[in-house]
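Everything below belongs to final-v5.txt, which stores compact mmCIF, N, CA and C atoms.
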# COMPACT_ATOMS: atom_id res chain seq x y z
N MET A 39 138.39 131.71 142.80
CA MET A 39 137.94 131.84 144.17
C MET A 39 138.55 130.72 145.00
N LEU A 40 139.15 131.08 146.12
CA LEU A 40 139.78 130.08 146.97
C LEU A 40 138.76 129.46 147.89
N GLY A 41 138.83 128.15 147.99
CA GLY A 41 137.98 127.45 148.92
C GLY A 41 138.58 127.52 150.31
N SER A 42 137.94 126.89 151.24
CA SER A 42 138.42 126.92 152.61
C SER A 42 139.66 126.04 152.75
N LEU A 43 140.41 126.31 153.80
CA LEU A 43 141.59 125.49 154.09
C LEU A 43 141.10 124.12 154.51
N ARG A 44 141.66 123.09 153.91
CA ARG A 44 141.28 121.72 154.21
C ARG A 44 142.54 120.88 154.38
N GLU A 45 142.34 119.64 154.64
CA GLU A 45 143.46 118.71 154.73
C GLU A 45 143.36 117.69 153.62
N PHE A 46 144.50 117.27 153.14
CA PHE A 46 144.58 116.17 152.20
C PHE A 46 145.70 115.27 152.68
N GLU A 47 145.37 114.03 152.94
CA GLU A 47 146.36 113.07 153.46
C GLU A 47 147.05 113.62 154.71
N GLY A 48 146.28 114.33 155.54
CA GLY A 48 146.82 114.85 156.77
C GLY A 48 147.66 116.11 156.64
N ARG A 49 147.73 116.67 155.45
CA ARG A 49 148.51 117.90 155.22
C ARG A 49 147.58 119.02 154.81
N PRO A 50 147.90 120.27 155.17
CA PRO A 50 147.06 121.40 154.76
C PRO A 50 146.99 121.51 153.24
N ALA A 51 145.81 121.84 152.74
CA ALA A 51 145.60 121.99 151.31
C ALA A 51 144.47 122.98 151.08
N PHE A 52 144.52 123.65 149.95
CA PHE A 52 143.45 124.57 149.55
C PHE A 52 142.74 123.98 148.36
N TRP A 53 141.42 124.05 148.35
CA TRP A 53 140.64 123.65 147.18
C TRP A 53 140.30 124.91 146.43
N ILE A 54 140.73 125.03 145.20
CA ILE A 54 140.45 126.22 144.39
C ILE A 54 139.20 125.93 143.59
N GLU A 55 138.09 126.45 144.05
CA GLU A 55 136.78 126.09 143.52
C GLU A 55 136.58 126.45 142.06
N SER A 56 137.19 127.50 141.58
CA SER A 56 136.98 127.90 140.19
C SER A 56 137.56 126.91 139.20
N PHE A 57 138.37 125.97 139.67
CA PHE A 57 138.96 124.99 138.77
C PHE A 57 138.41 123.58 139.01
N GLN A 58 137.37 123.42 139.81
CA GLN A 58 136.84 122.09 140.09
C GLN A 58 136.36 121.41 138.82
N ALA A 59 135.85 122.17 137.87
CA ALA A 59 135.33 121.55 136.65
C ALA A 59 136.42 120.81 135.90
N HIS A 60 137.66 121.22 136.10
CA HIS A 60 138.77 120.56 135.44
C HIS A 60 139.41 119.50 136.33
N GLY A 61 138.97 119.41 137.59
CA GLY A 61 139.53 118.43 138.50
C GLY A 61 140.95 118.74 138.92
N THR A 62 141.37 119.98 138.81
CA THR A 62 142.76 120.31 139.14
C THR A 62 142.86 121.44 140.14
N GLY A 63 141.98 121.46 141.11
CA GLY A 63 141.96 122.58 142.03
C GLY A 63 142.52 122.31 143.40
N LEU A 64 143.43 121.36 143.57
CA LEU A 64 143.97 121.03 144.88
C LEU A 64 145.37 121.62 145.01
N ALA A 65 145.53 122.58 145.91
CA ALA A 65 146.84 123.19 146.17
C ALA A 65 147.38 122.61 147.47
N LEU A 66 148.49 121.93 147.38
CA LEU A 66 149.09 121.26 148.54
C LEU A 66 150.14 122.15 149.18
N LEU A 67 150.03 122.40 150.47
CA LEU A 67 151.07 123.12 151.19
C LEU A 67 152.19 122.13 151.49
N VAL A 68 153.37 122.34 150.89
CA VAL A 68 154.45 121.38 151.06
C VAL A 68 155.48 121.82 152.10
N ASP A 69 155.55 123.10 152.38
CA ASP A 69 156.36 123.61 153.48
C ASP A 69 155.85 125.01 153.80
N ALA A 70 156.53 125.71 154.69
CA ALA A 70 156.04 127.02 155.14
C ALA A 70 156.06 128.08 154.05
N SER A 71 156.76 127.82 152.94
CA SER A 71 156.92 128.85 151.91
C SER A 71 156.41 128.46 150.54
N HIS A 72 155.93 127.23 150.36
CA HIS A 72 155.55 126.75 149.03
C HIS A 72 154.27 125.93 149.05
N PHE A 73 153.47 126.09 148.01
CA PHE A 73 152.42 125.12 147.75
C PHE A 73 152.40 124.79 146.27
N ILE A 74 151.95 123.58 145.97
CA ILE A 74 151.98 123.04 144.60
C ILE A 74 150.57 122.68 144.18
N ILE A 75 150.23 123.03 142.93
CA ILE A 75 148.97 122.59 142.34
C ILE A 75 149.35 121.60 141.23
N PRO A 76 149.18 120.29 141.50
CA PRO A 76 149.53 119.30 140.48
C PRO A 76 148.62 119.41 139.25
N GLY A 77 149.23 119.39 138.09
CA GLY A 77 148.48 119.35 136.84
C GLY A 77 147.73 120.62 136.51
N TRP A 78 148.12 121.75 137.06
CA TRP A 78 147.44 123.01 136.78
C TRP A 78 148.19 123.76 135.70
N ASP A 79 147.65 123.77 134.53
CA ASP A 79 148.28 124.42 133.38
C ASP A 79 147.68 125.81 133.23
N THR A 80 148.46 126.83 133.46
CA THR A 80 147.93 128.19 133.46
C THR A 80 147.83 128.80 132.06
N ASN A 81 148.34 128.12 131.07
CA ASN A 81 148.30 128.65 129.71
C ASN A 81 147.75 127.59 128.76
N ASP A 82 146.63 126.98 129.15
CA ASP A 82 146.08 125.89 128.37
C ASP A 82 145.18 126.41 127.26
N THR A 83 145.69 126.36 126.05
CA THR A 83 144.91 126.78 124.88
C THR A 83 144.57 125.58 124.01
N ARG A 84 144.74 124.38 124.57
CA ARG A 84 144.55 123.16 123.79
C ARG A 84 143.26 122.44 124.15
N SER A 85 142.32 123.11 124.79
CA SER A 85 141.07 122.48 125.22
C SER A 85 141.33 121.25 126.10
N ASN A 86 142.27 121.41 127.01
CA ASN A 86 142.65 120.35 127.96
C ASN A 86 143.22 119.11 127.29
N LEU A 87 143.78 119.25 126.10
CA LEU A 87 144.47 118.15 125.42
C LEU A 87 145.97 118.37 125.58
N GLY A 88 146.69 117.30 125.76
CA GLY A 88 148.13 117.42 125.93
C GLY A 88 148.52 117.42 127.39
N PRO A 89 149.81 117.64 127.65
CA PRO A 89 150.29 117.54 129.03
C PRO A 89 149.78 118.68 129.91
N ALA A 90 149.67 118.38 131.18
CA ALA A 90 149.36 119.40 132.18
C ALA A 90 150.61 119.57 133.03
N TYR A 91 150.84 120.76 133.50
CA TYR A 91 152.06 121.06 134.24
C TYR A 91 151.73 121.42 135.68
N ASP A 92 152.61 121.05 136.58
CA ASP A 92 152.47 121.43 137.98
C ASP A 92 152.91 122.89 138.12
N VAL A 93 152.30 123.58 139.07
CA VAL A 93 152.67 124.96 139.34
C VAL A 93 153.07 125.07 140.81
N VAL A 94 154.20 125.72 141.07
CA VAL A 94 154.68 125.96 142.42
C VAL A 94 154.51 127.44 142.74
N PHE A 95 153.81 127.73 143.82
CA PHE A 95 153.70 129.11 144.30
C PHE A 95 154.61 129.24 145.50
N SER A 96 155.38 130.33 145.54
CA SER A 96 156.35 130.55 146.61
C SER A 96 156.16 131.91 147.25
N ARG A 97 156.60 132.01 148.48
CA ARG A 97 156.68 133.32 149.12
C ARG A 97 157.76 134.10 148.38
N PRO A 98 157.64 135.41 148.32
CA PRO A 98 158.67 136.22 147.66
C PRO A 98 160.03 136.09 148.36
N GLY A 99 161.07 136.20 147.58
CA GLY A 99 162.42 136.20 148.15
C GLY A 99 163.14 134.88 147.94
N VAL A 100 163.83 134.43 148.97
CA VAL A 100 164.66 133.23 148.89
C VAL A 100 163.84 132.01 148.50
N ALA A 101 162.61 131.92 148.97
CA ALA A 101 161.76 130.76 148.65
C ALA A 101 161.58 130.61 147.14
N GLU A 102 161.50 131.73 146.43
CA GLU A 102 161.35 131.66 144.97
C GLU A 102 162.57 131.02 144.31
N LEU A 103 163.72 131.23 144.90
CA LEU A 103 164.96 130.71 144.31
C LEU A 103 165.08 129.20 144.43
N ASN A 104 164.44 128.60 145.43
CA ASN A 104 164.55 127.14 145.57
C ASN A 104 163.24 126.43 145.26
N ALA A 105 162.33 127.08 144.55
CA ALA A 105 161.05 126.46 144.21
C ALA A 105 161.23 125.19 143.38
N ARG A 106 162.16 125.19 142.44
CA ARG A 106 162.40 124.00 141.62
C ARG A 106 162.84 122.83 142.46
N ASP A 107 163.74 123.07 143.42
CA ASP A 107 164.20 121.98 144.29
C ASP A 107 163.06 121.45 145.16
N VAL A 108 162.21 122.34 145.65
CA VAL A 108 161.05 121.92 146.45
C VAL A 108 160.13 121.05 145.60
N TRP A 109 159.88 121.47 144.35
CA TRP A 109 159.02 120.69 143.45
C TRP A 109 159.62 119.31 143.20
N ARG A 110 160.91 119.25 142.89
CA ARG A 110 161.55 117.96 142.64
C ARG A 110 161.47 117.04 143.85
N LYS A 111 161.67 117.60 145.02
CA LYS A 111 161.59 116.81 146.24
C LYS A 111 160.17 116.32 146.49
N CYS A 112 159.19 117.14 146.22
CA CYS A 112 157.79 116.79 146.45
C CYS A 112 157.30 115.71 145.49
N CYS A 113 157.75 115.75 144.25
CA CYS A 113 157.26 114.81 143.23
C CYS A 113 157.49 113.35 143.58
N GLY A 114 158.46 113.07 144.39
CA GLY A 114 158.74 111.69 144.75
C GLY A 114 158.02 111.21 145.99
N THR A 115 157.13 112.03 146.54
CA THR A 115 156.50 111.66 147.81
C THR A 115 155.16 110.96 147.61
N ASP A 116 154.77 110.24 148.63
CA ASP A 116 153.45 109.58 148.61
C ASP A 116 152.33 110.62 148.57
N LEU A 117 152.54 111.76 149.23
CA LEU A 117 151.54 112.83 149.23
C LEU A 117 151.26 113.31 147.80
N TYR A 118 152.32 113.54 147.04
CA TYR A 118 152.16 114.02 145.66
C TYR A 118 151.45 112.96 144.81
N ARG A 119 151.89 111.72 144.91
CA ARG A 119 151.27 110.64 144.12
C ARG A 119 149.80 110.47 144.49
N ALA A 120 149.47 110.59 145.77
CA ALA A 120 148.07 110.49 146.20
C ALA A 120 147.25 111.64 145.63
N ALA A 121 147.83 112.84 145.62
CA ALA A 121 147.11 114.01 145.08
C ALA A 121 146.85 113.84 143.59
N VAL A 122 147.84 113.39 142.85
CA VAL A 122 147.67 113.18 141.41
C VAL A 122 146.61 112.12 141.15
N GLY A 123 146.62 111.03 141.91
CA GLY A 123 145.60 110.00 141.77
C GLY A 123 144.21 110.52 142.10
N PHE A 124 144.11 111.30 143.17
CA PHE A 124 142.84 111.88 143.57
C PHE A 124 142.30 112.81 142.47
N LEU A 125 143.16 113.64 141.92
CA LEU A 125 142.74 114.58 140.87
C LEU A 125 142.32 113.84 139.61
N SER A 126 143.00 112.76 139.29
CA SER A 126 142.62 111.95 138.14
C SER A 126 141.23 111.36 138.33
N GLU A 127 140.97 110.83 139.52
CA GLU A 127 139.64 110.27 139.81
C GLU A 127 138.56 111.35 139.73
N MET A 128 138.86 112.54 140.26
CA MET A 128 137.89 113.65 140.20
C MET A 128 137.60 114.02 138.76
N SER A 129 138.63 114.09 137.93
CA SER A 129 138.45 114.44 136.52
C SER A 129 137.57 113.42 135.81
N GLN A 130 137.83 112.14 136.05
CA GLN A 130 137.03 111.09 135.42
C GLN A 130 135.56 111.17 135.85
N ALA A 131 135.35 111.40 137.15
CA ALA A 131 133.98 111.50 137.65
C ALA A 131 133.25 112.69 137.04
N LEU A 132 133.94 113.82 136.91
CA LEU A 132 133.33 115.00 136.32
C LEU A 132 133.04 114.81 134.84
N LEU A 133 133.93 114.13 134.13
CA LEU A 133 133.69 113.84 132.70
C LEU A 133 132.48 112.93 132.54
N MET A 134 132.37 111.91 133.39
CA MET A 134 131.23 111.01 133.29
C MET A 134 129.94 111.74 133.62
N ARG A 135 129.97 112.63 134.62
CA ARG A 135 128.78 113.38 134.99
C ARG A 135 128.35 114.31 133.87
N SER A 136 129.31 114.96 133.22
CA SER A 136 128.94 115.87 132.12
C SER A 136 128.46 115.10 130.90
N ALA A 137 128.97 113.88 130.68
CA ALA A 137 128.52 113.07 129.54
C ALA A 137 127.08 112.58 129.74
N GLN A 138 126.69 112.40 130.99
CA GLN A 138 125.34 111.95 131.30
C GLN A 138 124.31 113.06 131.17
N GLY A 139 124.80 114.28 131.10
CA GLY A 139 123.88 115.40 130.87
C GLY A 139 123.58 116.07 132.10
Take the structure in the file and write it out as structure tokens.
Amino acid sequence: MLGSLREFEGRPAFWIESFQAHGTGLALLVDASHFIIPGWDTNDTRSNLGPAYDVVFSRPGVAELNARDVWRKCCGTDLYRAAVGFLSEMSQALLMRSAQG
């Protein structure tokens, strides 16, 4: 379920509520044709152990062809680093809350 459109670091972002328990539900709009969900592993069969992968969603057509370049360009930005830090903090807070019962 998609949450409402919000801002993160002054940029449009979507909060994907169904993934909040994992702390990885922030989709960042990086340009008019792409958004990235940092650390969203769509094929996680390891009980959240091991690496998590970023996912790039693109508009159909030409945007799909340059999704890798958009991802590479985004990874070096302050916006991306802030999102990864934010998601890490959310994950830690959720783990502590679940450990407390």
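Between atom N of Gly63 in chain A and atom C of Gln130 in chain A there is a distance of 13.2 Å.
Taking only C-alpha atoms, the non-local environment of range 97-114 of chain A within 12 Å (same-chain residues fewer than 5 positions away omitted) comprises Leu66, Leu67, Val68, Asp69, Ala70, Ser71, His72, Phe73, Ile74, Ile75, Pro76, Gly77, Tyr91, Asp92, Arg119, Ala120, Ala121 and Val122 of chain A.
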N, CA and C atoms of the current selection, written as a compact mmCIF listing (two decimals), keeping the file's coordinate frame:
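And here's part_38.txt as it stands now:
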# COMPACT_ATOMS: atom_id res chain seq x y z
N LEU A 66 148.49 121.93 147.38
CA LEU A 66 149.09 121.26 148.54
C LEU A 66 150.14 122.15 149.18
N LEU A 67 150.03 122.40 150.47
CA LEU A 67 151.07 123.12 151.19
C LEU A 67 152.19 122.13 151.49
N VAL A 68 153.37 122.34 150.89
CA VAL A 68 154.45 121.38 151.06
C VAL A 68 155.48 121.82 152.10
N ASP A 69 155.55 123.10 152.38
CA ASP A 69 156.36 123.61 153.48
C ASP A 69 155.85 125.01 153.80
N ALA A 70 156.53 125.71 154.69
CA ALA A 70 156.04 127.02 155.14
C ALA A 70 156.06 128.08 154.05
N SER A 71 156.76 127.82 152.94
CA SER A 71 156.92 128.85 151.91
C SER A 71 156.41 128.46 150.54
N HIS A 72 155.93 127.23 150.36
CA HIS A 72 155.55 126.75 149.03
C HIS A 72 154.27 125.93 149.05
N PHE A 73 153.47 126.09 148.01
CA PHE A 73 152.42 125.12 147.75
C PHE A 73 152.40 124.79 146.27
N ILE A 74 151.95 123.58 145.97
CA ILE A 74 151.98 123.04 144.60
C ILE A 74 150.57 122.68 144.18
N ILE A 75 150.23 123.03 142.93
CA ILE A 75 148.97 122.59 142.34
C ILE A 75 149.35 121.60 141.23
N PRO A 76 149.18 120.29 141.50
CA PRO A 76 149.53 119.30 140.48
C PRO A 76 148.62 119.41 139.25
N GLY A 77 149.23 119.39 138.09
CA GLY A 77 148.48 119.35 136.84
C GLY A 77 147.73 120.62 136.51
N TYR A 91 150.84 120.76 133.50
CA TYR A 91 152.06 121.06 134.24
C TYR A 91 151.73 121.42 135.68
N ASP A 92 152.61 121.05 136.58
CA ASP A 92 152.47 121.43 137.98
C ASP A 92 152.91 122.89 138.12
N ARG A 119 151.89 111.72 144.91
CA ARG A 119 151.27 110.64 144.12
C ARG A 119 149.80 110.47 144.49
N ALA A 120 149.47 110.59 145.77
CA ALA A 120 148.07 110.49 146.20
C ALA A 120 147.25 111.64 145.63
N ALA A 121 147.83 112.84 145.62
CA ALA A 121 147.11 114.01 145.08
C ALA A 121 146.85 113.84 143.59
N VAL A 122 147.84 113.39 142.85
CA VAL A 122 147.67 113.18 141.41
C VAL A 122 146.61 112.12 141.15
Report, as lines of an AutoDock Vina configuration file, the axis-aligned box around all atoms of range 66-75 of chain A present in the file, extended by 6 Å on each side; give centre and edge lengths in Å to one decimal place.
center_x = 152.7
center_y = 125.1
center_z = 148.2
size_x = 20.4
size_y = 19.6
size_z = 25.9
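Straight-line separation from CA of Phe124 in chain A to CA of Ala65 in chain A: 12.3 Å.
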